[in-house]
Amino acid sequence: MSTQSPLTDTFEPVELLDYAERAYLDYAMYVVLDRALPHVGDGLKPVQRRIVYSMSELGLSAASKHKKSARTVGDVIGKFHPHGDSACYEAMVLMAQPFSYRYPLVDGQGNFGSPDDPKSFAAMRYTESRLSPYAKVLLQELGMGTAEWVPNFDGTLKEPKLLPARLPNILLNGGQGIAVGMSTDIPPHNLEEVVKATILLLEKPRTPLVNLLEHIKGPDFPGGGEIISSADEIQAIYETGNGPIRQRAVWEKEGDQIIITALPHQVSPAKILEQIAQQMQAKKLPMVADLRDESDHEHPTRLVIVPRSNRVDLEALMAHLFATTDLEKSIRVNLNVIGNDGRPGVRDLKALLSEWIEYRRATVTKRLEFRLDQVVDRLHILEGLLVAYLNIDEVIEIIRHHDEPKEELMARFGLTATQAEAILELKLRHLAKLEEIKIQGERDELEAERATLEGLLDSPKKLTRLIRDELKEDAKRYGDARRSPIVERSAAQAMSETELVPSEPMTVVLSENGWVRAAKGHEVKPQELHYREGDGYLASARGRSNQLACFLDASGRSYSLPTHGLPSARSLGEPLTGRFSIPSDTPVVGVAVGGDEDRVLLASNQGYGFVTALENLHTRQKAGKQVLSVPKGGSALGIESVSDPEEGILLAVTSAGYLLAFYVEELPELAKGKGNKLINIPPKARAEGEHMVGAVVLSEGGGALVWAGQRYLKISWSDTDHYWGERAQRGRKLPRGFQKVTRLTLAE
């Protein structure tokens with residue numbers, strides 16, 4: 001006896017891989033076709049279409065009273081859309097938000113969210129809604145035989161597969177959606193512009209895209225905001241069906257204040273204020289003193305930025321904010337829709353409009369044919385009624401005396417069953433002579449309408465003119481002016497960090513152990529500051545807070561930091577090793593602060609050096625960059641300022657007390673390298689340990705100090721004549737007592 005279950009024969013074994021693949025494909029197609037992508041015909045996703053249809057079935061037209069949103073949502077999910085009520089309600093709210101939809105389909109009453117937080121809407125039990133006047137564009141022809149009716153999810157009701165849109169709503173309100181493997185981002189457009197382009201393409205199907213763009217300049221967002229993409233960029237988007245559109249906030253000057261009156265699409269004013277406030281708190285926006293939101297019902301967007309003084313360049317400030325906040329934003333465009341053939345795909349602007357025109361032409365044809373059938377049926381009945389009126393006495397006699405008057409009327413007067421039924425349903429009051437005159441008049445009107453309808457259906461040109469006139473009529477009724485001006489501008493550039501920092505005098509102080517700090521002003525005396533035990537003063541440099549402080553280590557590598565970011569001189573500072581990757585056995589030997597074009601002297605204790613611009617020492621690398629090539633066994637000296645590269649005198653001194661003076665212009669200007677010989681140190685002297693201990697540049701009237709331990713000798717501008725020579729010479733001996741020189745500094 002077999003042990004096999006009788007149910008086994010009703011199942012077919014399927015490989016798990018095949019089943020999973022088919023199941024996922026079915027799910028993907030469902031998401032694409034029945035959830036995420038709009039249809040080119042009415043521009044709606046299924047949930048939106050069902051909401052609009054349900055509201056029309058509930059009698060919630062623009063002329064009716066508002067009803068609770070929960071009533072609509074209940075009808076939608078109970079009859080047509082068996083999904084979550086929150087998702088359905090959110091879709092309805094989106095269609096009611098004037099800042100989300102260019103032409104809202106729902107007229108909401110209550111809290112339907114705000115631009116600051118579009119999802120801050122009240123629960124559906126609190127809000128009320130009805131259809132907006134614009135929704136009539138989608139519903140006006142619904143009962144005219146234009147829609148294909150399909151069963152709802154449980155087969156108990158019928159719903160329209162598509163709504164008979166009289167306007168290309170797919171472009172007017174746009175839409176966003178994420179499906180499986182594809183997405184759509186269609187921006188909203190201006191109704192009048194789209195209608196003009198549609199009419200042009202309707203009358204001349206071979207019109208090139210560039211001619212359509214004479215009418216459709218670009219998207220038109222509900223919240224305004226400038227579109228700053230170039231005409232070529234916009235054309236490329238409409239040619240390919242995808243690309244980025246750059247949008248920027250609109251601002252104006254009111255006194256010394258900046259007033260922002262419009263923001264890019266779907267940008268929250270609260271987020272903009274937060275982004276600017278964060279920069280202010282981080283001290284990256286010193287030119288802004290205050291920030292506030294003065295938006296109200298009269299001014300939906302009014303953000304006020306108060307500059308710190310009337311000397312602030314407002315154009316430069318706004319350019320910086322455009323580059324660093326969402327005041328300028330790139331909006332993705334992807335014209336991906338479900339076409340008339342039921343397949344999704346990305347279309348260019350002309351293909352999209354052409355497909356909608358095809359849909360509209362088919363819709364109008366269905367409407368005319370439906371009406372023609374109604375007219376023909378009514379004329380058929382009227383012909384029977386007229387027969388009855390001409391033979392009224394005989395008709396009454398038949399009805400009174402025959403058991404089957406319908407068959408008798410059909411046999412006696414050659415009527416059809418429909419005509420005989422219409423005669424039998426006549427009321428006594430309609431037997432008056434006046435009714436016969438009315439029927440004659442109605443028949444004449446219907447005959448004229450029949451001729452008109454047949455003429456429209458037989459003539460493609462007449463049908464085109466009808467569609468054109470209806471487009472113009474709707475454009476006149478619902479059209480409005482463009483809200484997003486198109487102003488071609490280049491992308492904004494953020495200010496550099498130095499431009500954002502106030503320019504204040506600063507003194508940067510470097511200790512022997514590599515600790516750094518900065519004091520406000522140039523009056524501070526670095527030698528008198530307090531240092532850690534075992535540490536002391538090494539070097540200092542005067543500059544501005546918006547300049548970079550450059551450091552040089554003994555190996556010739558440079559490092560740079562923003563001066564304003566250094567710790568205060570009131571503290572003991574912080575080690576440079578915490579900011580940079582400086583080898584522990586390589587001390588920092590110098591510091592300089594100044595503008596990019598300022599010149600400095602770099603030299604090694606082997607007697608070589610060169611002049612360079614301070615910008616050549618700038619680097620963002622934590623490990624620094626090699627600027628001065630130091631010979632093996634040597635070390636870099638400190639960074640020395642060159643205030644007068646053309647007339648300055650360079651002094652170079654060795655540890656054995658030899659001093660050489662020559663014009664600094666004899667030295668080449670390099671970006672990096674070893675440099676040229678400054679002073680000659682013979683091989684024998686070098687072997688005995690003689691090396692260059694310092695090189696400075698004197699300006700006219702200045703002086704230098706030659707140090708030997710705690711003793712110093714002052715060398716004035718006039719004293720340099722005694723030590724004058726050509727570059728790379730040995731120089732002259734200093735006076736007695738200065739045969740063991742330790743350093744050379746400029747006199748204060």
# chains A, B, ... in the order shown; residues from 1 in each chain; ligands from 1

call {"tool": "residues_around", "arguments": {"residues": "Glu254 (chain A)", "least_positions_apart": "4", "cutoff": "12 Å", "atoms": "only C-alpha atoms", "output": "VMD selection string"}}
result
chain A and resid 258 to 261 302 to 307 310 314

call {"tool": "residues_around", "arguments": {"residues": "region 569-574 of chain A", "least_positions_apart": "2", "cutoff": "6 Å", "atoms": "only C-alpha atoms", "output": "VMD selection string"}}
result
chain A and resid 515 to 519 567

call {"tool": "write_last_selection", "arguments": {"atoms": "N, CA and C atoms", "output": "compact mmCIF listing (two decimals), in the first residue's frame"}}
result
# COMPACT_ATOMS: atom_id res chain seq x y z
N TRP A 515 56.96 74.29 21.62
CA TRP A 515 55.62 74.66 22.05
C TRP A 515 55.26 76.01 21.43
N VAL A 516 54.02 76.13 20.98
CA VAL A 516 53.62 77.34 20.25
C VAL A 516 52.38 77.95 20.89
N ARG A 517 52.27 79.26 20.79
CA ARG A 517 51.10 80.01 21.26
C ARG A 517 51.06 81.34 20.53
N ALA A 518 49.95 82.06 20.65
CA ALA A 518 49.80 83.32 19.93
C ALA A 518 49.18 84.36 20.85
N ALA A 519 49.73 85.58 20.78
CA ALA A 519 49.22 86.70 21.59
C ALA A 519 48.63 87.75 20.66
N PRO A 567 46.73 78.34 20.34
CA PRO A 567 46.31 78.64 21.72
C PRO A 567 46.78 80.01 22.17

call {"tool": "residues_around", "arguments": {"residues": "Gly479 (chain A)", "least_positions_apart": "6", "cutoff": "12 Å", "atoms": "only C-alpha atoms", "output": "mmCIF file with N, CA and C atoms, in the first residue's frame"}}
result
data_model
loop_
_atom_site.group_PDB
_atom_site.id
_atom_site.type_symbol
_atom_site.label_atom_id
_atom_site.label_comp_id
_atom_site.auth_asym_id
_atom_site.auth_seq_id
_atom_site.Cartn_x
_atom_site.Cartn_y
_atom_site.Cartn_z
ATOM 1 N N ARG A 102 3.271 71.897 -7.259
ATOM 2 C CA ARG A 102 3.111 73.178 -7.978
ATOM 3 C C ARG A 102 1.643 73.511 -8.160
ATOM 4 N N TYR A 103 0.832 72.487 -8.436
ATOM 5 C CA TYR A 103 -0.618 72.663 -8.576
ATOM 6 C C TYR A 103 -1.285 71.603 -7.696
ATOM 7 N N TYR A 134 -8.090 72.492 -9.324
ATOM 8 C CA TYR A 134 -7.245 71.923 -10.378
ATOM 9 C C TYR A 134 -7.522 70.442 -10.597
ATOM 10 N N LEU A 167 -4.631 67.882 -19.051
ATOM 11 C CA LEU A 167 -3.343 68.580 -19.132
ATOM 12 C C LEU A 167 -2.228 67.578 -18.833
ATOM 13 N N LEU A 172 3.552 68.977 -14.945
ATOM 14 C CA LEU A 172 3.117 70.117 -14.145
ATOM 15 C C LEU A 172 3.438 69.928 -12.669
ATOM 16 N N HIS A 189 6.679 71.954 -13.475
ATOM 17 C CA HIS A 189 6.848 72.950 -14.526
ATOM 18 C C HIS A 189 5.675 73.922 -14.524
ATOM 19 N N ASN A 190 5.850 75.010 -15.240
ATOM 20 C CA ASN A 190 4.793 76.013 -15.329
ATOM 21 C C ASN A 190 3.733 75.593 -16.327
ATOM 22 N N LEU A 191 2.469 75.708 -15.935
ATOM 23 C CA LEU A 191 1.360 75.223 -16.750
ATOM 24 C C LEU A 191 1.292 75.935 -18.101
ATOM 25 N N GLU A 192 1.385 77.247 -18.091
ATOM 26 C CA GLU A 192 1.253 78.000 -19.347
ATOM 27 C C GLU A 192 2.380 77.658 -20.319
ATOM 28 N N GLU A 193 3.608 77.502 -19.789
ATOM 29 C CA GLU A 193 4.737 77.157 -20.654
ATOM 30 C C GLU A 193 4.565 75.761 -21.256
ATOM 31 N N VAL A 194 4.137 74.816 -20.433
ATOM 32 C CA VAL A 194 3.965 73.443 -20.908
ATOM 33 C C VAL A 194 2.852 73.375 -21.954
ATOM 34 N N VAL A 195 1.778 74.100 -21.730
ATOM 35 C CA VAL A 195 0.665 74.093 -22.690
ATOM 36 C C VAL A 195 1.101 74.666 -24.036
ATOM 37 N N LYS A 196 1.875 75.740 -24.023
ATOM 38 C CA LYS A 196 2.354 76.334 -25.277
ATOM 39 C C LYS A 196 3.215 75.336 -26.053
ATOM 40 N N LEU A 471 -6.902 72.778 -24.383
ATOM 41 C CA LEU A 471 -5.657 73.098 -23.668
ATOM 42 C C LEU A 471 -5.581 74.591 -23.348
ATOM 43 N N LYS A 472 -5.934 75.412 -24.321
ATOM 44 C CA LYS A 472 -5.920 76.862 -24.100
ATOM 45 C C LYS A 472 -6.921 77.261 -23.020
ATOM 46 N N GLU A 473 -8.089 76.638 -23.057
ATOM 47 C CA GLU A 473 -9.129 76.947 -22.066
ATOM 48 C C GLU A 473 -8.653 76.614 -20.654
#

call {"tool": "closest_residue", "arguments": {"among": "A:Glu425, A:Glu298, A:Asp107, A:Glu358", "to": "Asn340 (chain A)", "atoms": "only C-alpha atoms"}}
result
A:Glu358

call {"tool": "atom_distance", "arguments": {"atom1": "CA of Pro118 (chain A)", "atom2": "CA of Val31 (chain A)"}}
result
24.4 Å

call {"tool": "residues_around", "arguments": {"residues": "Ile681 (chain A)", "least_positions_apart": "3", "cutoff": "8 Å", "atoms": "only C-alpha atoms", "output": "list in words"}}
result
Gly607, Ala685, Arg686, Glu690, His691 and Arg730 of chain A

call {"tool": "closest_residue", "arguments": {"among": "A:Asn169, A:Ser132, A:Gln606, A:Ser114", "to": "Gly41 (chain A)", "atoms": "only C-alpha atoms"}}
result
A:Asn169
